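As provided, my_file.pdb (PDB, C-alpha atoms) reads as follows.
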```pdb
MODEL        1
ATOM      1  CA  MET A   1     -34.007  51.074  -9.727  1.00  0.00           C
ATOM      2  CA  VAL A   2     -32.780  48.031  -7.774  1.00  0.00           C
ATOM      3  CA  PRO A   3     -34.871  44.841  -7.999  1.00  0.00           C
ATOM      4  CA  ALA A   4     -36.183  43.402  -4.760  1.00  0.00           C
ATOM      5  CA  ALA A   5     -34.474  40.409  -3.223  1.00  0.00           C
ATOM      6  CA  GLY A   6     -35.851  37.302  -4.815  1.00  0.00           C
ATOM      7  CA  ALA A   7     -37.327  39.039  -7.865  1.00  0.00           C
ATOM      8  CA  GLY A   8     -36.175  36.984 -10.824  1.00  0.00           C
ATOM      9  CA  ASP A   9     -33.630  35.203  -8.656  1.00  0.00           C
ATOM     10  CA  PRO A  10     -34.460  31.556  -7.839  1.00  0.00           C
ATOM     11  CA  GLU A  11     -31.993  31.520  -4.943  1.00  0.00           C
ATOM     12  CA  GLY A  12     -33.694  34.432  -3.223  1.00  0.00           C
ATOM     13  CA  THR A  13     -30.524  36.531  -3.051  1.00  0.00           C
ATOM     14  CA  ALA A  14     -29.993  39.855  -4.736  1.00  0.00           C
ATOM     15  CA  ALA A  15     -26.785  40.831  -6.455  1.00  0.00           C
ATOM     16  CA  PRO A  16     -24.799  43.499  -4.641  1.00  0.00           C
ATOM     17  CA  THR A  17     -25.114  46.991  -6.037  1.00  0.00           C
ATOM     18  CA  GLU A  18     -22.927  50.053  -5.752  1.00  0.00           C
ATOM     19  CA  GLY A  19     -25.106  51.601  -3.054  1.00  0.00           C
ATOM     20  CA  SER A  20     -25.180  48.473  -0.892  1.00  0.00           C
ATOM     21  CA  PRO A  21     -21.770  46.804  -0.739  1.00  0.00           C
ATOM     22  CA  GLY A  22     -21.922  43.099   0.026  1.00  0.00           C
ATOM     23  CA  LEU A  23     -25.713  42.900   0.356  1.00  0.00           C
ATOM     24  CA  GLY A  24     -26.109  39.741  -1.702  1.00  0.00           C
ATOM     25  CA  ALA A  25     -22.944  38.104  -0.424  1.00  0.00           C
ATOM     26  CA  SER A  26     -24.030  38.262   3.207  1.00  0.00           C
ATOM     27  CA  LEU A  27     -27.285  36.393   2.589  1.00  0.00           C
ATOM     28  CA  ALA A  28     -26.810  32.637   2.906  1.00  0.00           C
ATOM     29  CA  ARG A  29     -28.793  30.208   0.798  1.00  0.00           C
ATOM     30  CA  PRO A  30     -31.511  28.463   2.755  1.00  0.00           C
ATOM     31  CA  GLY A  31     -30.690  24.916   3.824  1.00  0.00           C
ATOM     32  CA  ARG A  32     -26.965  25.320   3.186  1.00  0.00           C
ATOM     33  CA  HIS A  33     -24.320  25.683   5.871  1.00  0.00           C
ATOM     34  CA  PRO A  34     -20.888  27.021   4.974  1.00  0.00           C
ATOM     35  CA  ALA A  35     -19.359  24.737   7.608  1.00  0.00           C
ATOM     36  CA  ALA A  36     -20.806  21.661   5.878  1.00  0.00           C
ATOM     37  CA  ALA A  37     -19.232  22.662   2.570  1.00  0.00           C
ATOM     38  CA  GLN A  38     -15.943  23.328   4.321  1.00  0.00           C
ATOM     39  CA  ASP A  39     -16.095  19.935   6.080  1.00  0.00           C
ATOM     40  CA  LYS A  40     -16.777  18.198   2.760  1.00  0.00           C
ATOM     41  CA  PHE A  41     -13.836  20.003   1.153  1.00  0.00           C
ATOM     42  CA  PHE A  42     -11.595  19.053   4.099  1.00  0.00           C
ATOM     43  CA  PHE A  43     -12.772  15.432   3.819  1.00  0.00           C
ATOM     44  CA  ILE A  44     -11.962  15.341   0.097  1.00  0.00           C
ATOM     45  CA  LYS A  45      -8.532  16.892   0.655  1.00  0.00           C
ATOM     46  CA  GLY A  46      -7.817  14.344   3.396  1.00  0.00           C
ATOM     47  CA  GLY A  47      -8.864  11.471   1.140  1.00  0.00           C
ATOM     48  CA  ILE A  48      -6.631  12.696  -1.666  1.00  0.00           C
ATOM     49  CA  PHE A  49      -3.719  13.078   0.747  1.00  0.00           C
ATOM     50  CA  LEU A  50      -4.174   9.585   2.206  1.00  0.00           C
ATOM     51  CA  GLY A  51      -4.563   8.089  -1.260  1.00  0.00           C
ATOM     52  CA  THR A  52      -1.363   9.781  -2.419  1.00  0.00           C
ATOM     53  CA  VAL A  53       0.589   8.607   0.629  1.00  0.00           C
ATOM     54  CA  ALA A  54      -0.723   5.041   0.251  1.00  0.00           C
ATOM     55  CA  THR A  55       0.141   4.982  -3.461  1.00  0.00           C
ATOM     56  CA  ALA A  56       3.644   6.320  -2.813  1.00  0.00           C
ATOM     57  CA  GLY A  57       4.149   3.707  -0.099  1.00  0.00           C
ATOM     58  CA  MET A  58       2.993   0.885  -2.358  1.00  0.00           C
ATOM     59  CA  ILE A  59       5.245   2.007  -5.211  1.00  0.00           C
ATOM     60  CA  ALA A  60       8.217   2.370  -2.858  1.00  0.00           C
ATOM     61  CA  GLY A  61       7.586  -1.041  -1.300  1.00  0.00           C
ATOM     62  CA  PHE A  62       7.172  -2.777  -4.646  1.00  0.00           C
ATOM     63  CA  GLY A  63      10.275  -1.073  -6.056  1.00  0.00           C
ATOM     64  CA  THR A  64      12.332  -2.019  -3.017  1.00  0.00           C
ATOM     65  CA  ALA A  65      11.197  -5.646  -3.187  1.00  0.00           C
ATOM     66  CA  LEU A  66      11.971  -5.763  -6.899  1.00  0.00           C
ATOM     67  CA  ALA A  67      15.445  -4.276  -6.373  1.00  0.00           C
ATOM     68  CA  MET A  68      16.196  -6.736  -3.563  1.00  0.00           C
ATOM     69  CA  ALA A  69      15.107  -9.691  -5.714  1.00  0.00           C
ATOM     70  CA  LYS A  70      17.304  -8.560  -8.592  1.00  0.00           C
ATOM     71  CA  LYS A  71      20.263  -7.966  -6.278  1.00  0.00           C
ATOM     72  CA  LYS A  72      19.883 -11.330  -4.552  1.00  0.00           C
ATOM     73  CA  ASN A  73      19.835 -13.453  -7.714  1.00  0.00           C
ATOM     74  CA  PRO A  74      20.144 -11.593 -11.034  1.00  0.00           C
ATOM     75  CA  ASN A  75      20.119 -14.784 -13.159  1.00  0.00           C
ATOM     76  CA  TRP A  76      16.746 -15.969 -11.848  1.00  0.00           C
ATOM     77  CA  PHE A  77      15.430 -12.429 -12.014  1.00  0.00           C
ATOM     78  CA  ASN A  78      16.282 -12.175 -15.719  1.00  0.00           C
ATOM     79  CA  LYS A  79      14.806 -15.643 -16.359  1.00  0.00           C
ATOM     80  CA  GLY A  80      11.586 -14.550 -14.692  1.00  0.00           C
ATOM     81  CA  ILE A  81      10.988 -11.743 -17.193  1.00  0.00           C
ATOM     82  CA  THR A  82       9.909 -14.177 -19.917  1.00  0.00           C
ATOM     83  CA  ALA A  83       8.222 -17.550 -19.600  1.00  0.00           C
ATOM     84  CA  THR A  84      10.553 -20.519 -20.187  1.00  0.00           C
ATOM     85  CA  ALA A  85      10.431 -24.261 -19.720  1.00  0.00           C
ATOM     86  CA  ALA A  86      12.023 -23.872 -16.281  1.00  0.00           C
ATOM     87  CA  LEU A  87       9.503 -21.199 -15.269  1.00  0.00           C
ATOM     88  CA  PRO A  88       6.159 -21.668 -17.072  1.00  0.00           C
ATOM     89  CA  GLU A  89       4.836 -18.287 -15.867  1.00  0.00           C
ATOM     90  CA  ASN A  90       6.685 -15.011 -16.245  1.00  0.00           C
ATOM     91  CA  GLY A  91       7.420 -12.929 -13.165  1.00  0.00           C
ATOM     92  CA  SER A  92       5.111 -10.021 -13.902  1.00  0.00           C
ATOM     93  CA  SER A  93       1.998 -12.166 -14.327  1.00  0.00           C
ATOM     94  CA  LEU A  94       2.885 -14.128 -11.187  1.00  0.00           C
ATOM     95  CA  ALA A  95       3.402 -10.880  -9.249  1.00  0.00           C
ATOM     96  CA  LEU A  96       0.109  -9.417 -10.504  1.00  0.00           C
ATOM     97  CA  ARG A  97      -1.762 -12.569  -9.574  1.00  0.00           C
ATOM     98  CA  ALA A  98      -0.182 -12.573  -6.101  1.00  0.00           C
ATOM     99  CA  LEU A  99      -0.967  -8.870  -5.705  1.00  0.00           C
ATOM    100  CA  GLY A 100      -4.595  -9.472  -6.679  1.00  0.00           C
ATOM    101  CA  TRP A 101      -5.087 -12.351  -4.256  1.00  0.00           C
ATOM    102  CA  GLY A 102      -3.230 -10.530  -1.484  1.00  0.00           C
ATOM    103  CA  SER A 103      -5.338  -7.395  -1.958  1.00  0.00           C
ATOM    104  CA  LEU A 104      -8.542  -9.428  -1.954  1.00  0.00           C
ATOM    105  CA  CYS A 105      -7.550 -11.222   1.253  1.00  0.00           C
ATOM    106  CA  ALA A 106      -6.533  -7.956   2.931  1.00  0.00           C
ATOM    107  CA  TRP A 107      -9.772  -6.151   2.017  1.00  0.00           C
ATOM    108  CA  CYS A 108     -11.939  -9.074   3.069  1.00  0.00           C
ATOM    109  CA  GLY A 109      -9.999  -9.549   6.308  1.00  0.00           C
ATOM    110  CA  VAL A 110     -10.251  -5.908   7.329  1.00  0.00           C
ATOM    111  CA  GLY A 111     -13.941  -5.858   6.392  1.00  0.00           C
ATOM    112  CA  LEU A 112     -14.634  -9.000   8.404  1.00  0.00           C
ATOM    113  CA  ILE A 113     -12.768  -7.705  11.459  1.00  0.00           C
ATOM    114  CA  SER A 114     -14.561  -4.340  11.232  1.00  0.00           C
ATOM    115  CA  PHE A 115     -17.948  -6.035  10.873  1.00  0.00           C
ATOM    116  CA  ALA A 116     -17.224  -8.345  13.827  1.00  0.00           C
ATOM    117  CA  ILE A 117     -16.227  -5.415  16.064  1.00  0.00           C
ATOM    118  CA  TRP A 118     -19.302  -3.453  14.926  1.00  0.00           C
ATOM    119  CA  LYS A 119     -21.633  -6.338  15.787  1.00  0.00           C
ATOM    120  CA  ALA A 120     -19.842  -7.193  19.040  1.00  0.00           C
ATOM    121  CA  LEU A 121     -20.291  -3.622  20.260  1.00  0.00           C
ATOM    122  CA  GLY A 122     -23.959  -3.629  19.225  1.00  0.00           C
ATOM    123  CA  VAL A 123     -23.896  -0.171  17.661  1.00  0.00           C
ATOM    124  CA  HIS A 124     -26.114   1.058  14.843  1.00  0.00           C
ATOM    125  CA  SER A 125     -24.435   4.281  13.690  1.00  0.00           C
ATOM    126  CA  MET A 126     -21.034   5.916  13.560  1.00  0.00           C
ATOM    127  CA  LYS A 127     -22.039   8.299  16.355  1.00  0.00           C
ATOM    128  CA  GLU A 128     -22.869   5.354  18.640  1.00  0.00           C
ATOM    129  CA  PHE A 129     -19.596   3.693  17.643  1.00  0.00           C
ATOM    130  CA  ARG A 130     -17.625   6.837  18.518  1.00  0.00           C
ATOM    131  CA  ASN A 131     -19.370   7.157  21.881  1.00  0.00           C
ATOM    132  CA  LYS A 132     -18.767   3.482  22.643  1.00  0.00           C
ATOM    133  CA  MET A 133     -15.068   3.774  21.768  1.00  0.00           C
ATOM    134  CA  GLN A 134     -14.746   6.902  23.911  1.00  0.00           C
ATOM    135  CA  SER A 135     -16.271   5.044  26.849  1.00  0.00           C
ATOM    136  CA  ILE A 136     -13.934   2.041  26.403  1.00  0.00           C
ATOM    137  CA  PHE A 137     -10.601   3.750  25.686  1.00  0.00           C
ATOM    138  CA  PRO A 138      -8.999   6.453  27.841  1.00  0.00           C
ATOM    139  CA  ALA A 139      -9.100  10.064  26.696  1.00  0.00           C
ATOM    140  CA  ILE A 140      -5.971  11.483  25.114  1.00  0.00           C
ATOM    141  CA  PRO A 141      -4.873  14.618  26.985  1.00  0.00           C
ATOM    142  CA  LYS A 142      -4.956  17.776  24.853  1.00  0.00           C
ATOM    143  CA  SER A 143      -2.262  19.714  26.733  1.00  0.00           C
ATOM    144  CA  ALA A 144       1.416  18.908  26.356  1.00  0.00           C
ATOM    145  CA  GLU A 145       2.370  20.574  29.650  1.00  0.00           C
ATOM    146  CA  HIS A 146       2.723  17.416  31.719  1.00  0.00           C
ATOM    147  CA  SER A 147       4.284  14.134  30.721  1.00  0.00           C
ATOM    148  CA  VAL A 148       2.013  11.191  30.037  1.00  0.00           C
ATOM    149  CA  GLU A 149       2.398   8.106  32.186  1.00  0.00           C
ATOM    150  CA  TRP A 150       1.723   4.717  30.570  1.00  0.00           C
ATOM    151  CA  GLU A 151      -0.104   3.527  33.661  1.00  0.00           C
ATOM    152  CA  ASP A 152      -2.602   6.395  33.308  1.00  0.00           C
ATOM    153  CA  LEU A 153      -3.177   5.703  29.624  1.00  0.00           C
ATOM    154  CA  LEU A 154      -3.543   1.959  29.952  1.00  0.00           C
ATOM    155  CA  LYS A 155      -5.800   2.098  33.011  1.00  0.00           C
ATOM    156  CA  SER A 156      -9.397   1.154  32.129  1.00  0.00           C
ATOM    157  CA  LYS A 157     -12.284   3.409  33.068  1.00  0.00           C
TER     158      LYS A 157
ENDMDL
END
```
Let me see the structure of the file written as structure tokens.
Amino acid sequence: MVPAAGAGDPEGTAAPTEGSPGLGASLARPGRHPAAAQDKFFFIKGGIFLGTVATAGMIAGFGTALAMAKKKNPNWFNKGITATAALPENGSSLALRALGWGSLCAWCGVGLISFAIWKALGVHSMKEFRNKMQSIFPAIPKSAEHSVEWEDLLKSK
């Protein structure tokens, strides 16, 4: 005997049985959309990808700057590893302090610019912001059949 859908099941879905293949799998949970879960998964994957690319770029940039500094003047580079009378602060603590202040200034600057643009446009949600930007900037053509002219792209609506 097969239990009725929802009997003893808080989700309201019945498990599939041999006589009814896929019965429980085809019933969606109320209030849940598979597209929303897929969008969330896509968003998380995109965030991980962007974070990985940003981290790789920062490591490559820092390594390149460090290699250039050592190549330019190896004596001062080696003196900067430990604190001496000539250099009261070692290079790593100076670099970390500069990185901290630079990161703080960059985050605050981008936040301030974003906030100023948000207030200047007078929008109250991301949907309004998107609509406002679409009305200001020209649409990007989806087809690659014809060549894009700069005059067409830069022309205001």
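Computed from the coordinates, the CA of Leu99 (chain A) to CA of Thr64 (chain A) distance equals 15.2 Å.
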Quick one: which residues end up in the PyMOL selection byres ((chain A and resi 130-137) around 10) for this structure, as number ranges by chain?
-> A: 121-123, 125-129, 138-140, 153-157
CA of Asn90 (chain A) and CA of Val53 (chain A), how far apart in Å?
-> 29.7 Å
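Coordinates place CA of Leu50 (chain A) at a distance of 19.9 Å from CA of Ala37 (chain A).
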